[in-house]
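Written out below as structure tokens is the structure these notes cover.
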2 protein chains.
Amino acid sequence: MKPTLDDIARAAGVSRATVSRVVNDVPGVTGAVRQRVRDVIAELGYVPDETARALARGRQSAVDVVAATPDPAGVGQLGTHPYYSRVLAGVMGALAGRDVQLRVHAVTPDASEETVDRIAQRASVGIVLADGSPALAVRLQQQCRRVVSLVATARSVAAIEAENLDGAYAAVKYLHRLGRRRIAEIPGPADVSCGVDRRAGYLRAVAELGLDDLSAAGGFTREAGHRAAHELLERYPDLDALFVACDLTAAGAVQAITETGRSVPYDVSVIGFDDSIAAVCSNPPLSTVRMPVEDMAAAATRLLLTDSVRAGHRERFPVELVLRGSTTERG
Amino acid sequence: MKPTLDDIARAAGVSRATVSRVVNDVPGVTGAVRQRVRDVIAELGYVPDETARALARGRQSAVDVVAATPDPAGVGQLGTHPYYSRVLAGVMGALAGRDVQLRVHAVTPDASEETVDRIAQRASVGIVLADGSPALAVRLQQQCRRVVSLVATARSVAAIEAENLDGAYAAVKYLHRLGRRRIAEIPGPADVSCGVDRRAGYLRAVAELGLDDLSAAGGFTREAGHRAAHELLERYPDLDALFVACDLTAAGAVQAITETGRSVPYDVSVIGFDDSIAAVCSNPPLSTVRMPVEDMAAAATRLLLTDSVRAGHRERFPVELVLRGSTTERG
DNA sequence: GCTGGTCCTGAAAGCGCTCTCGCCTCTACG
DNA sequence: CGTAGAGGCGAGAGCGCTTTCAGGACCAGC
């Protein structure tokens with residue numbers, strides 16, 4: 001029912017090989033023949049079968065999104081942390097209209113090297129690495145060139161990063177401009193590059209401003225933010241501003257601040273990071289550093305699609321301070 | 001390098017057909033032979049190639065998740081509304097360990113019938129329909145048996161639904177038990193079944209309780225909740241409780257209530273629906289009706305996997321009232 | 001006019017698996 | 001003891017495409 005390559009070949013009076021060449025834009029077919037085949041393809045509405053193609057050339061046509069979930073249980077965080085769905089949305093956007101699939105893989109910390117290798121071996125168009133350690137990136141890269149990471153990672157692996165350090169720096173500077181002088185921080189995990197970079201931005205800013213480094217152990221979860229904010233408030237009751245490395249975490253922090261009877265933004269102004277759904281769901285809605293995750297994921301996908309990913313490729317996306325209700329001038 | 005079916009056949013001293021029978025659990029192989037083949041498979045670590053399988057039997061092995069995005073621009077809502085990532089997480093959970101892919105498709109309102117048909121024709125294991133009109137469901141079903149909807153839909157299409165009506169009813173009853181008497185509602189879209197069902201639950205409860213139906217045009221977005229809450233508060237200043245058909249919307253409503261100087265939960269108690277990330281990010285965190293989306297999506301996936309989806313199959317998942325900070329007794 | 005190249009094109013051999021036939025063996029029954 | 005029937009098993013033909021390799025046409029150069 002669906003026309004096959006064979007049908008086209010017969011209708012155009014050429015061999016299957018020639019049709020294949022035309023379809024794949026491989027040189028070695030005269031202009032006239034090429035055009036005739038093209039016409040027949042258009043006329044019969046031929047669409048190459050991706051499965052057969054995949055089998056014949058030994059790989060499938062799909063973009064694989066790999067996410068490292070801290071939770072060994074599996075996909076819990078995937079359904080919960082807004083970051084991943086933004087990555088997916090970005091990849092899907094870049095894939096729209098193309099006949100390329102989108103596969104999703106979750107790699108748990110206890111995943112064997114074989115598991116990782118299998119993902120890499122089966123990858124086709126390439127891998128978008130949503131997060132994960134440099135070691136994971138390198139491992140994937142070994143089996144499959146065509147890996148693009150969305151976080152800072154090993155030198156050899158291509159990466160599209162956000163200006164994490166600058167964003168954090170700008171956020172703290174802004175809080176200072178509002179008249180805030182006791183600016184605390186809830187950092188991200190210390191073993192994740194964007195956590196580290198954002199902390200570095202905070203540290204640079206407070207150093208420049210001659211302020212104290214006020215921080216507590218954080219993480220990228222709401223619970224961590226809630227806990228850390230309570231701890232900070234107890235330790236530094238005169239706190240008047242808070243920079244949090246993730247909106248989800250910041251949402252938890254805002255809850256904690258409110259629980260102590262303080263007001264956000266008056267008593268404590270809060271700035272998050274990401275501009276995810278968590279920022280706009282918080283109350284008051286969070287001022288935050290917008291990270292263009294969708295754009296970054298789309299860019300990564302396009303890079304894979306155009307087949308031009310060089311080892312060590314680097315791209316940096318600027319971030320932007322978005323002001324909402326969680327910040328105001330010190331009264 | 002990776003062993004193929006041929007390698008196994010040779011090693012076990014049988015034909016490829018026999019190995020295939022063993023792998024696919026097809027009868028027609030003696031116990032002894034079957035065991036021998038199994039042993040060899042285990043020993044050599046054979047994993048069937050899904051692509052070849054797909055080609056040979058004319059279809060691929062993947063679960064397709066179809067989401068209807070209201071936004072013609074494409075995938076915007078996919079990256080934003082927590083519902084979709086929960087569906088994905090559920091499907092992924094059910095797929096964990098199996099060599100089945102997960103494809104995601106977004107169907108925009110202006111999508112042609114051909115587009116929809118193509119998705120259906122290429123589907124293999126089956127389609128999990130995250131949302132969308134009965135018409136869409138039927139169209140998919142026409143080309144591809146093996147469609148499971150996660151929302152109420154056409155009779156002929158299998159569906160796994162949540163007890164939307166009961167959940168809304170219970171929420172309103174609970175608000176009443178707290179001493180609330182002016183209980184308003186922000187409903188979901190009127191053209192979506194779960195929006196309709198939840199509204200029906202609200203209406204049944206207020207009718208039973210002899211209360212007024214206080215409601216404003218809603219939707220499933222945060223913005224709609226924000227707008228509707230302001231409108232309701234203006235129209236009914238004595239409002240003391242609010243049932244909102246979606247957590248994201250409820251988060252917007254809470255912001256609006258706070259903006260008018262009222263307190264959540266004291267002046268106005270709020271109950272949302274879903275128990276998504278939006279509920280726990282709100283401030284105070286939302287009491288809500290928990291819908292086990294992940295479980296439902298996983299159940300749908302397993303249904304497809306076991307190949308036993310009958311037309312008209314129905315399954316109902318109970319919902320559960322989760323109490324957090326957005327509700328309290330009328331003081 | 002012949003040789004040596006350069007291009008185009010087609011034949012055919014896979015990619016790894018499924019599945020239909022048909023053969024062969026084994027059992028049951030006359 | 002012969003034969004029909006049943007069931008296990010293997011041969012082989014695909015699934016739709018890619019890709020190598022060899023043949024053929026054509027042109028330039030001697």
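Residue names in the structure tokens use chain letters A, B, ... in the order shown, residue numbers from 1 in each chain, and ligand numbers from 1 in the order shown.
Taking only C-alpha atoms (C1' of nucleotides), the non-local environment of region 131-133 of chain A within 7 Å (same-chain residues fewer than 6 positions away omitted) comprises Ala67, Ala68, Leu150 and Val151 of chain A.
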Chain A contacts to chain C at 8 Å (only C-alpha atoms (C1' of nucleotides)) as a PyMOL selection string: chain A and resi 15+17-18+28-30+55-58
Neighbours of chain B in chain A at 8 Å, counting only C-alpha atoms, as a VMD selection string: chain A and resid 51 to 52 54 to 55 60 74 to 76 78 to 82 85 to 90 92 to 93 101 to 104 222 248 251 to 252 254 to 255 276 to 278 281 to 285
Restrict the selected residues to C-alpha atoms and save them as a compact mmCIF listing (two decimals), in the first residue's frame.
# COMPACT_ATOMS: atom_id res chain seq x y z
CA THR A 51 13.07 1.15 10.12
CA ALA A 52 14.46 -0.43 7.00
CA ALA A 54 18.02 1.88 10.24
CA LEU A 55 18.51 -1.82 9.74
CA GLN A 60 18.27 4.10 13.90
CA GLY A 74 14.39 5.47 38.59
CA VAL A 75 12.35 8.12 36.99
CA GLY A 76 10.95 9.89 40.03
CA LEU A 78 12.06 13.06 35.78
CA GLY A 79 8.39 13.55 36.42
CA THR A 80 8.98 16.12 39.07
CA HIS A 81 11.79 18.45 38.21
CA PRO A 82 10.71 21.02 35.61
CA SER A 85 10.41 18.57 30.61
CA ARG A 86 11.87 21.80 29.34
CA VAL A 87 14.72 19.89 27.75
CA LEU A 88 12.25 17.52 26.14
CA ALA A 89 10.14 20.38 24.91
CA GLY A 90 13.18 22.02 23.36
CA MET A 92 10.77 18.21 20.36
CA GLY A 93 10.55 21.68 19.02
CA GLN A 101 12.20 10.05 16.96
CA LEU A 102 12.87 11.16 20.46
CA ARG A 103 13.93 8.57 22.95
CA VAL A 104 14.37 9.19 26.62
CA ARG A 222 12.24 21.79 47.02
CA LEU A 248 12.26 24.60 42.78
CA ALA A 251 10.02 27.79 46.16
CA GLY A 252 10.76 25.65 49.20
CA VAL A 254 10.01 30.97 50.24
CA GLN A 255 7.67 28.63 52.09
CA SER A 276 10.93 27.25 35.47
CA ILE A 277 7.29 26.66 36.23
CA ALA A 278 8.23 26.56 39.90
CA CYS A 281 3.86 28.96 40.90
CA SER A 282 5.54 30.25 44.00
CA ASN A 283 3.83 32.94 46.02
CA PRO A 284 4.90 35.62 45.51
CA PRO A 285 6.15 34.62 42.10
Residue neighbourhood region 239-241 of chain A, 10 Å, only C-alpha atoms (C1' of nucleotides), exclusion window fewer than 6 positions, as a PDB file with N, CA and C atoms, in the first residue's frame:
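around.pdb, written as the output of this step:
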ATOM      1  N   VAL A 172      23.060  38.526  42.633  1.00  0.00           N
ATOM      2  CA  VAL A 172      23.529  39.034  43.924  1.00  0.00           C
ATOM      3  C   VAL A 172      23.745  40.545  43.854  1.00  0.00           C
ATOM      4  N   LEU A 175      20.468  42.262  44.169  1.00  0.00           N
ATOM      5  CA  LEU A 175      19.972  42.274  45.549  1.00  0.00           C
ATOM      6  C   LEU A 175      20.675  43.381  46.340  1.00  0.00           C
ATOM      7  N   HIS A 176      21.943  43.529  46.073  1.00  0.00           N
ATOM      8  CA  HIS A 176      22.717  44.567  46.750  1.00  0.00           C
ATOM      9  C   HIS A 176      22.207  45.957  46.377  1.00  0.00           C
ATOM     10  N   LEU A 178      19.309  46.696  45.677  1.00  0.00           N
ATOM     11  CA  LEU A 178      18.019  46.920  46.354  1.00  0.00           C
ATOM     12  C   LEU A 178      18.228  47.352  47.803  1.00  0.00           C
ATOM     13  N   GLY A 179      19.482  47.406  48.219  1.00  0.00           N
ATOM     14  CA  GLY A 179      19.755  47.818  49.588  1.00  0.00           C
ATOM     15  C   GLY A 179      19.965  46.654  50.543  1.00  0.00           C
ATOM     16  N   ARG A 180      19.982  45.468  50.004  1.00  0.00           N
ATOM     17  CA  ARG A 180      20.178  44.279  50.843  1.00  0.00           C
ATOM     18  C   ARG A 180      21.663  44.126  51.173  1.00  0.00           C
ATOM     19  N   ARG A 181      21.952  43.784  52.409  1.00  0.00           N
ATOM     20  CA  ARG A 181      23.363  43.653  52.805  1.00  0.00           C
ATOM     21  C   ARG A 181      23.693  42.308  53.436  1.00  0.00           C
ATOM     22  N   ARG A 182      22.661  41.603  53.866  1.00  0.00           N
ATOM     23  CA  ARG A 182      22.891  40.272  54.427  1.00  0.00           C
ATOM     24  C   ARG A 182      22.326  39.263  53.430  1.00  0.00           C
ATOM     25  N   ILE A 183      23.112  38.978  52.422  1.00  0.00           N
ATOM     26  CA  ILE A 183      22.637  38.161  51.301  1.00  0.00           C
ATOM     27  C   ILE A 183      23.158  36.739  51.441  1.00  0.00           C
ATOM     28  N   ALA A 184      22.222  35.814  51.712  1.00  0.00           N
ATOM     29  CA  ALA A 184      22.622  34.414  51.876  1.00  0.00           C
ATOM     30  C   ALA A 184      22.434  33.643  50.577  1.00  0.00           C
ATOM     31  N   GLU A 185      22.905  32.422  50.606  1.00  0.00           N
ATOM     32  CA  GLU A 185      22.805  31.596  49.408  1.00  0.00           C
ATOM     33  C   GLU A 185      22.411  30.173  49.768  1.00  0.00           C
ATOM     34  N   LEU A 214      27.184  33.752  53.346  1.00  0.00           N
ATOM     35  CA  LEU A 214      26.193  33.133  54.229  1.00  0.00           C
ATOM     36  C   LEU A 214      25.522  32.008  53.462  1.00  0.00           C
ATOM     37  N   LEU A 232      19.282  28.650  57.702  1.00  0.00           N
ATOM     38  CA  LEU A 232      19.914  29.961  57.518  1.00  0.00           C
ATOM     39  C   LEU A 232      19.261  31.021  58.392  1.00  0.00           C
ATOM     40  N   LEU A 233      17.940  30.974  58.422  1.00  0.00           N
ATOM     41  CA  LEU A 233      17.186  31.969  59.189  1.00  0.00           C
ATOM     42  C   LEU A 233      17.494  31.867  60.678  1.00  0.00           C
ATOM     43  N   ARG A 262       8.133  35.877  58.461  1.00  0.00           N
ATOM     44  CA  ARG A 262       8.750  36.949  57.695  1.00  0.00           C
ATOM     45  C   ARG A 262       8.024  37.123  56.368  1.00  0.00           C
ATOM     46  N   VAL A 264       8.150  37.759  52.323  1.00  0.00           N
ATOM     47  CA  VAL A 264       8.856  37.833  51.041  1.00  0.00           C
ATOM     48  C   VAL A 264       8.007  38.755  50.183  1.00  0.00           C
ATOM     49  N   PRO A 265       8.514  39.825  49.666  1.00  0.00           N
ATOM     50  CA  PRO A 265       9.904  40.220  49.498  1.00  0.00           C
ATOM     51  C   PRO A 265      10.414  41.214  50.542  1.00  0.00           C
ATOM     52  N   TYR A 266       9.553  41.720  51.454  1.00  0.00           N
ATOM     53  CA  TYR A 266       9.984  42.857  52.285  1.00  0.00           C
ATOM     54  C   TYR A 266      11.094  42.505  53.264  1.00  0.00           C
ATOM     55  N   ASP A 267      10.854  41.500  54.083  1.00  0.00           N
ATOM     56  CA  ASP A 267      11.898  41.136  55.041  1.00  0.00           C
ATOM     57  C   ASP A 267      13.053  40.424  54.345  1.00  0.00           C
ATOM     58  N   VAL A 268      12.702  39.501  53.512  1.00  0.00           N
ATOM     59  CA  VAL A 268      13.726  38.767  52.770  1.00  0.00           C
ATOM     60  C   VAL A 268      13.354  38.757  51.290  1.00  0.00           C
ATOM     61  N   SER A 269      14.218  39.289  50.459  1.00  0.00           N
ATOM     62  CA  SER A 269      14.014  39.211  49.013  1.00  0.00           C
ATOM     63  C   SER A 269      14.693  37.953  48.495  1.00  0.00           C
ATOM     64  N   VAL A 270      14.038  37.295  47.565  1.00  0.00           N
ATOM     65  CA  VAL A 270      14.558  36.018  47.075  1.00  0.00           C
ATOM     66  C   VAL A 270      14.706  36.049  45.553  1.00  0.00           C
ATOM     67  N   ILE A 271      15.836  35.558  45.082  1.00  0.00           N
ATOM     68  CA  ILE A 271      16.016  35.354  43.644  1.00  0.00           C
ATOM     69  C   ILE A 271      16.379  33.900  43.406  1.00  0.00           C
ATOM     70  N   SER A 326       9.168  38.564  44.195  1.00  0.00           N
ATOM     71  CA  SER A 326       9.924  38.114  45.365  1.00  0.00           C
ATOM     72  C   SER A 326      11.088  39.026  45.724  1.00  0.00           C
ATOM     73  N   THR A 327      11.198  40.141  45.001  1.00  0.00           N
ATOM     74  CA  THR A 327      12.275  41.084  45.320  1.00  0.00           C
ATOM     75  C   THR A 327      11.716  42.499  45.406  1.00  0.00           C
ATOM     76  N   THR A 328      12.249  43.265  46.341  1.00  0.00           N
ATOM     77  CA  THR A 328      11.866  44.676  46.422  1.00  0.00           C
ATOM     78  C   THR A 328      12.926  45.436  47.208  1.00  0.00           C
ATOM     79  N   ARG A 330      14.819  47.438  49.954  1.00  0.00           N
ATOM     80  CA  ARG A 330      14.848  47.353  51.412  1.00  0.00           C
ATOM     81  C   ARG A 330      14.164  48.590  51.963  1.00  0.00           C
TER      82      ARG A 330
END
Produce a table with one row for each residue of chain D that has an atom at most 8 Å from any atom of chain B, each row naming the nearest atom pair and its distance in Å at one decimal; use only C-alpha atoms (C1' of nucleotides); arrange rows by chain and rising residue number; format as JSON lines.
{"residue": "D:DG7", "atom": "C1'", "partner": "B:Gly28", "partner_atom": "CA", "distance": 7.5}
{"residue": "D:DG8", "atom": "C1'", "partner": "B:Gly28", "partner_atom": "CA", "distance": 6.1}
{"residue": "D:DC9", "atom": "C1'", "partner": "B:Thr18", "partner_atom": "CA", "distance": 7.1}
{"residue": "D:DG10", "atom": "C1'", "partner": "B:Ser15", "partner_atom": "CA", "distance": 5.9}
{"residue": "D:DC15", "atom": "C1'", "partner": "B:Ala56", "partner_atom": "CA", "distance": 4.6}
{"residue": "D:DG16", "atom": "C1'", "partner": "B:Leu55", "partner_atom": "CA", "distance": 7.7}
Output the selection as a PDB file, in the first residue's frame - N, CA and C atoms (P, O5', C5', C4', C3', O3' and C1' of nucleotides) for each residue.
ATOM      1  P    DG D   7      -1.052 -31.704  17.740  1.00  0.00           P
ATOM      2  O5'  DG D   7       0.450 -31.548  18.202  1.00  0.00           O
ATOM      3  C5'  DG D   7       1.205 -32.710  18.585  1.00  0.00           C
ATOM      4  C4'  DG D   7       2.644 -32.525  18.163  1.00  0.00           C
ATOM      5  C3'  DG D   7       3.132 -31.060  18.229  1.00  0.00           C
ATOM      6  O3'  DG D   7       4.403 -31.064  18.838  1.00  0.00           O
ATOM      7  C1'  DG D   7       3.622 -31.971  16.136  1.00  0.00           C
ATOM      8  P    DG D   8       5.063 -29.672  19.328  1.00  0.00           P
ATOM      9  O5'  DG D   8       6.558 -29.899  18.821  1.00  0.00           O
ATOM     10  C5'  DG D   8       7.239 -31.098  19.231  1.00  0.00           C
ATOM     11  C4'  DG D   8       8.464 -31.271  18.365  1.00  0.00           C
ATOM     12  C3'  DG D   8       9.417 -30.077  18.349  1.00  0.00           C
ATOM     13  O3'  DG D   8      10.758 -30.562  18.367  1.00  0.00           O
ATOM     14  C1'  DG D   8       8.670 -30.516  16.147  1.00  0.00           C
ATOM     15  P    DC D   9      11.945 -29.520  18.663  1.00  0.00           P
ATOM     16  O5'  DC D   9      12.363 -29.108  17.201  1.00  0.00           O
ATOM     17  C5'  DC D   9      13.039 -30.075  16.379  1.00  0.00           C
ATOM     18  C4'  DC D   9      13.142 -29.573  14.960  1.00  0.00           C
ATOM     19  C3'  DC D   9      13.885 -28.256  14.775  1.00  0.00           C
ATOM     20  O3'  DC D   9      15.196 -28.595  14.309  1.00  0.00           O
ATOM     21  C1'  DC D   9      11.974 -28.472  13.327  1.00  0.00           C
ATOM     22  P    DG D  10      16.241 -27.428  13.968  1.00  0.00           P
ATOM     23  O5'  DG D  10      16.004 -27.297  12.407  1.00  0.00           O
ATOM     24  C5'  DG D  10      16.129 -28.450  11.590  1.00  0.00           C
ATOM     25  C4'  DG D  10      15.966 -28.073  10.130  1.00  0.00           C
ATOM     26  C3'  DG D  10      16.822 -26.904   9.662  1.00  0.00           C
ATOM     27  O3'  DG D  10      17.277 -27.208   8.350  1.00  0.00           O
ATOM     28  C1'  DG D  10      14.535 -26.373   9.327  1.00  0.00           C
ATOM     29  P    DC D  15       8.462  -8.628   0.688  1.00  0.00           P
ATOM     30  O5'  DC D  15       8.772  -7.789   1.991  1.00  0.00           O
ATOM     31  C5'  DC D  15       8.025  -7.945   3.180  1.00  0.00           C
ATOM     32  C4'  DC D  15       8.647  -7.066   4.231  1.00  0.00           C
ATOM     33  C3'  DC D  15       9.280  -5.797   3.662  1.00  0.00           C
ATOM     34  O3'  DC D  15       8.364  -4.721   3.832  1.00  0.00           O
ATOM     35  C1'  DC D  15      10.735  -6.896   5.267  1.00  0.00           C
ATOM     36  P    DG D  16       7.926  -3.843   2.561  1.00  0.00           P
ATOM     37  O5'  DG D  16       9.083  -2.755   2.465  1.00  0.00           O
ATOM     38  C5'  DG D  16       9.310  -1.897   3.559  1.00  0.00           C
ATOM     39  C4'  DG D  16      10.688  -1.296   3.440  1.00  0.00           C
ATOM     40  C3'  DG D  16      10.971  -0.602   2.102  1.00  0.00           C
ATOM     41  O3'  DG D  16      11.454   0.694   2.381  1.00  0.00           O
ATOM     42  C1'  DG D  16      12.713  -2.088   2.662  1.00  0.00           C
TER      43       DG D  16
END
Residues within 7 Å of Asp274 (chain B), please, as a compact mmCIF listing (two decimals) with N, CA and C atoms, in the first residue's frame. Count only C-alpha atoms (C1' of nucleotides); anything in the same chain fewer than 2 positions from it doesn't count.
# COMPACT_ATOMS: atom_id res chain seq x y z
N CYS B 246 -7.31 22.42 38.96
CA CYS B 246 -5.94 22.06 38.56
C CYS B 246 -4.97 22.81 39.46
N ASP B 247 -3.93 22.16 39.90
CA ASP B 247 -2.98 22.77 40.83
C ASP B 247 -2.30 24.00 40.25
N GLY B 272 -6.75 22.34 45.42
CA GLY B 272 -6.47 22.16 44.00
C GLY B 272 -6.79 20.74 43.56
N SER B 276 0.34 17.93 41.63
CA SER B 276 1.52 18.05 40.79
C SER B 276 2.56 18.89 41.52
N THR B 288 -4.80 19.31 48.07
CA THR B 288 -5.20 18.99 46.70
C THR B 288 -5.76 17.59 46.62
N VAL B 289 -6.38 17.30 45.50
CA VAL B 289 -6.87 15.95 45.25
C VAL B 289 -5.82 15.24 44.42
N ARG B 290 -5.20 14.26 45.02
CA ARG B 290 -4.10 13.59 44.33
C ARG B 290 -4.60 12.67 43.24
N MET B 291 -4.14 12.91 42.03
CA MET B 291 -4.44 12.02 40.91
C MET B 291 -3.18 11.24 40.62
For CA of Asp213 (chain A) and CA of Phe243 (chain A), the interatomic separation in Å (one decimal):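 So the answer is 11.4 Å.
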Backbone-only DSSP, alpha helix (DSSP H) members of region 120-323 of chain A, as a PyMOL selection string: chain A and resi 120-122+134-143+164-177+193-209+222-235+247-259+277-281+293-305
Kindly export the residues of the current selection with C-alpha atoms, as a PDB file, in the first residue's frame.
ATOM      1  CA  ALA A 120      25.533   4.961  23.300  1.00  0.00           C
ATOM      2  CA  GLN A 121      25.845   2.086  20.858  1.00  0.00           C
ATOM      3  CA  ARG A 122      22.263   2.325  19.822  1.00  0.00           C
ATOM      4  CA  PRO A 134      31.778  14.266  33.159  1.00  0.00           C
ATOM      5  CA  ALA A 135      32.546  10.585  33.569  1.00  0.00           C
ATOM      6  CA  LEU A 136      29.159   9.664  32.155  1.00  0.00           C
ATOM      7  CA  ALA A 137      29.631  12.082  29.281  1.00  0.00           C
ATOM      8  CA  VAL A 138      33.017  10.653  28.435  1.00  0.00           C
ATOM      9  CA  ARG A 139      31.732   7.126  28.575  1.00  0.00           C
ATOM     10  CA  LEU A 140      28.923   7.967  26.173  1.00  0.00           C
ATOM     11  CA  GLN A 141      31.305   9.839  23.942  1.00  0.00           C
ATOM     12  CA  GLN A 142      33.602   6.842  23.700  1.00  0.00           C
ATOM     13  CA  GLN A 143      30.976   4.705  22.057  1.00  0.00           C
ATOM     14  CA  ASN A 164      25.685  30.241  35.174  1.00  0.00           C
ATOM     15  CA  LEU A 165      28.389  32.177  36.905  1.00  0.00           C
ATOM     16  CA  ASP A 166      27.402  35.504  35.385  1.00  0.00           C
ATOM     17  CA  GLY A 167      23.760  34.908  36.182  1.00  0.00           C
ATOM     18  CA  ALA A 168      24.402  34.260  39.836  1.00  0.00           C
ATOM     19  CA  TYR A 169      26.742  37.229  40.006  1.00  0.00           C
ATOM     20  CA  ALA A 170      24.130  39.518  38.466  1.00  0.00           C
ATOM     21  CA  ALA A 171      21.458  38.275  40.840  1.00  0.00           C
ATOM     22  CA  VAL A 172      23.529  39.034  43.924  1.00  0.00           C
ATOM     23  CA  LYS A 173      24.536  42.425  42.574  1.00  0.00           C
ATOM     24  CA  TYR A 174      20.896  43.222  41.997  1.00  0.00           C
ATOM     25  CA  LEU A 175      19.972  42.274  45.549  1.00  0.00           C
ATOM     26  CA  HIS A 176      22.717  44.567  46.750  1.00  0.00           C
ATOM     27  CA  ARG A 177      21.373  47.386  44.621  1.00  0.00           C
ATOM     28  CA  SER A 193      28.861  21.850  37.421  1.00  0.00           C
ATOM     29  CA  CYS A 194      26.042  24.354  37.277  1.00  0.00           C
ATOM     30  CA  GLY A 195      25.740  24.141  41.035  1.00  0.00           C
ATOM     31  CA  VAL A 196      29.422  24.917  41.349  1.00  0.00           C
ATOM     32  CA  ASP A 197      29.358  27.722  38.795  1.00  0.00           C
ATOM     33  CA  ARG A 198      26.417  29.467  40.363  1.00  0.00           C
ATOM     34  CA  ARG A 199      28.052  29.298  43.724  1.00  0.00           C
ATOM     35  CA  ALA A 200      31.194  30.765  42.228  1.00  0.00           C
ATOM     36  CA  GLY A 201      29.147  33.668  40.895  1.00  0.00           C
ATOM     37  CA  TYR A 202      27.668  34.277  44.324  1.00  0.00           C
ATOM     38  CA  LEU A 203      31.070  34.130  45.952  1.00  0.00           C
ATOM     39  CA  ARG A 204      32.603  36.523  43.477  1.00  0.00           C
ATOM     40  CA  ALA A 205      29.819  39.030  44.031  1.00  0.00           C
ATOM     41  CA  VAL A 206      29.884  38.948  47.833  1.00  0.00           C
ATOM     42  CA  ALA A 207      33.667  39.205  47.767  1.00  0.00           C
ATOM     43  CA  GLU A 208      33.507  42.269  45.548  1.00  0.00           C
ATOM     44  CA  LEU A 209      30.813  43.810  47.688  1.00  0.00           C
ATOM     45  CA  ARG A 222      12.244  21.789  47.023  1.00  0.00           C
ATOM     46  CA  GLU A 223      12.781  19.942  50.271  1.00  0.00           C
ATOM     47  CA  ALA A 224      16.423  20.975  50.384  1.00  0.00           C
ATOM     48  CA  GLY A 225      15.411  24.591  49.930  1.00  0.00           C
ATOM     49  CA  HIS A 226      12.899  24.415  52.718  1.00  0.00           C
ATOM     50  CA  ARG A 227      15.362  22.865  55.100  1.00  0.00           C
ATOM     51  CA  ALA A 228      18.255  25.144  54.192  1.00  0.00           C
ATOM     52  CA  ALA A 229      16.171  28.302  54.502  1.00  0.00           C
ATOM     53  CA  HIS A 230      15.076  27.374  58.007  1.00  0.00           C
ATOM     54  CA  GLU A 231      18.647  26.675  58.948  1.00  0.00           C
ATOM     55  CA  LEU A 232      19.914  29.961  57.518  1.00  0.00           C
ATOM     56  CA  LEU A 233      17.186  31.969  59.189  1.00  0.00           C
ATOM     57  CA  GLU A 234      18.058  30.453  62.513  1.00  0.00           C
ATOM     58  CA  ARG A 235      21.744  31.005  62.064  1.00  0.00           C
ATOM     59  CA  ASP A 247      13.638  27.808  41.387  1.00  0.00           C
ATOM     60  CA  LEU A 248      12.264  24.601  42.782  1.00  0.00           C
ATOM     61  CA  THR A 249      14.580  24.974  45.741  1.00  0.00           C
ATOM     62  CA  ALA A 250      13.710  28.641  45.991  1.00  0.00           C
ATOM     63  CA  ALA A 251      10.020  27.793  46.164  1.00  0.00           C
ATOM     64  CA  GLY A 252      10.762  25.653  49.205  1.00  0.00           C
ATOM     65  CA  ALA A 253      12.820  28.453  50.702  1.00  0.00           C
ATOM     66  CA  VAL A 254      10.011  30.968  50.245  1.00  0.00           C
ATOM     67  CA  GLN A 255       7.670  28.627  52.091  1.00  0.00           C
ATOM     68  CA  ALA A 256      10.125  28.349  54.941  1.00  0.00           C
ATOM     69  CA  ILE A 257      10.628  32.100  55.151  1.00  0.00           C
ATOM     70  CA  THR A 258       6.891  32.665  55.248  1.00  0.00           C
ATOM     71  CA  GLU A 259       6.536  30.036  57.950  1.00  0.00           C
ATOM     72  CA  ILE A 277       7.293  26.658  36.234  1.00  0.00           C
ATOM     73  CA  ALA A 278       8.227  26.558  39.897  1.00  0.00           C
ATOM     74  CA  ALA A 279       9.116  30.259  39.759  1.00  0.00           C
ATOM     75  CA  VAL A 280       5.700  31.364  38.599  1.00  0.00           C
ATOM     76  CA  CYS A 281       3.864  28.960  40.896  1.00  0.00           C
ATOM     77  CA  VAL A 293      16.676  25.666  28.531  1.00  0.00           C
ATOM     78  CA  GLU A 294      14.328  25.069  25.617  1.00  0.00           C
ATOM     79  CA  ASP A 295      16.510  27.117  23.303  1.00  0.00           C
ATOM     80  CA  MET A 296      19.622  25.352  24.489  1.00  0.00           C
ATOM     81  CA  ALA A 297      18.103  21.914  23.999  1.00  0.00           C
ATOM     82  CA  ALA A 298      16.854  22.928  20.571  1.00  0.00           C
ATOM     83  CA  ALA A 299      20.292  24.201  19.656  1.00  0.00           C
ATOM     84  CA  ALA A 300      21.849  20.952  20.807  1.00  0.00           C
ATOM     85  CA  THR A 301      19.400  19.002  18.701  1.00  0.00           C
ATOM     86  CA  ARG A 302      20.042  21.089  15.628  1.00  0.00           C
ATOM     87  CA  LEU A 303      23.745  20.614  16.132  1.00  0.00           C
ATOM     88  CA  LEU A 304      23.265  16.868  16.068  1.00  0.00           C
ATOM     89  CA  LEU A 305      20.949  17.076  13.104  1.00  0.00           C
TER      90      LEU A 305
END
Distance query Glu43 (chain B) at most 12 Å, only C-alpha atoms (C1' of nucleotides), self and fewer than 6 positions along chain excluded, as a list in words: Pro3, Asp7, Ile8, Ala11, Ala12, Arg36 and Val37 of chain B
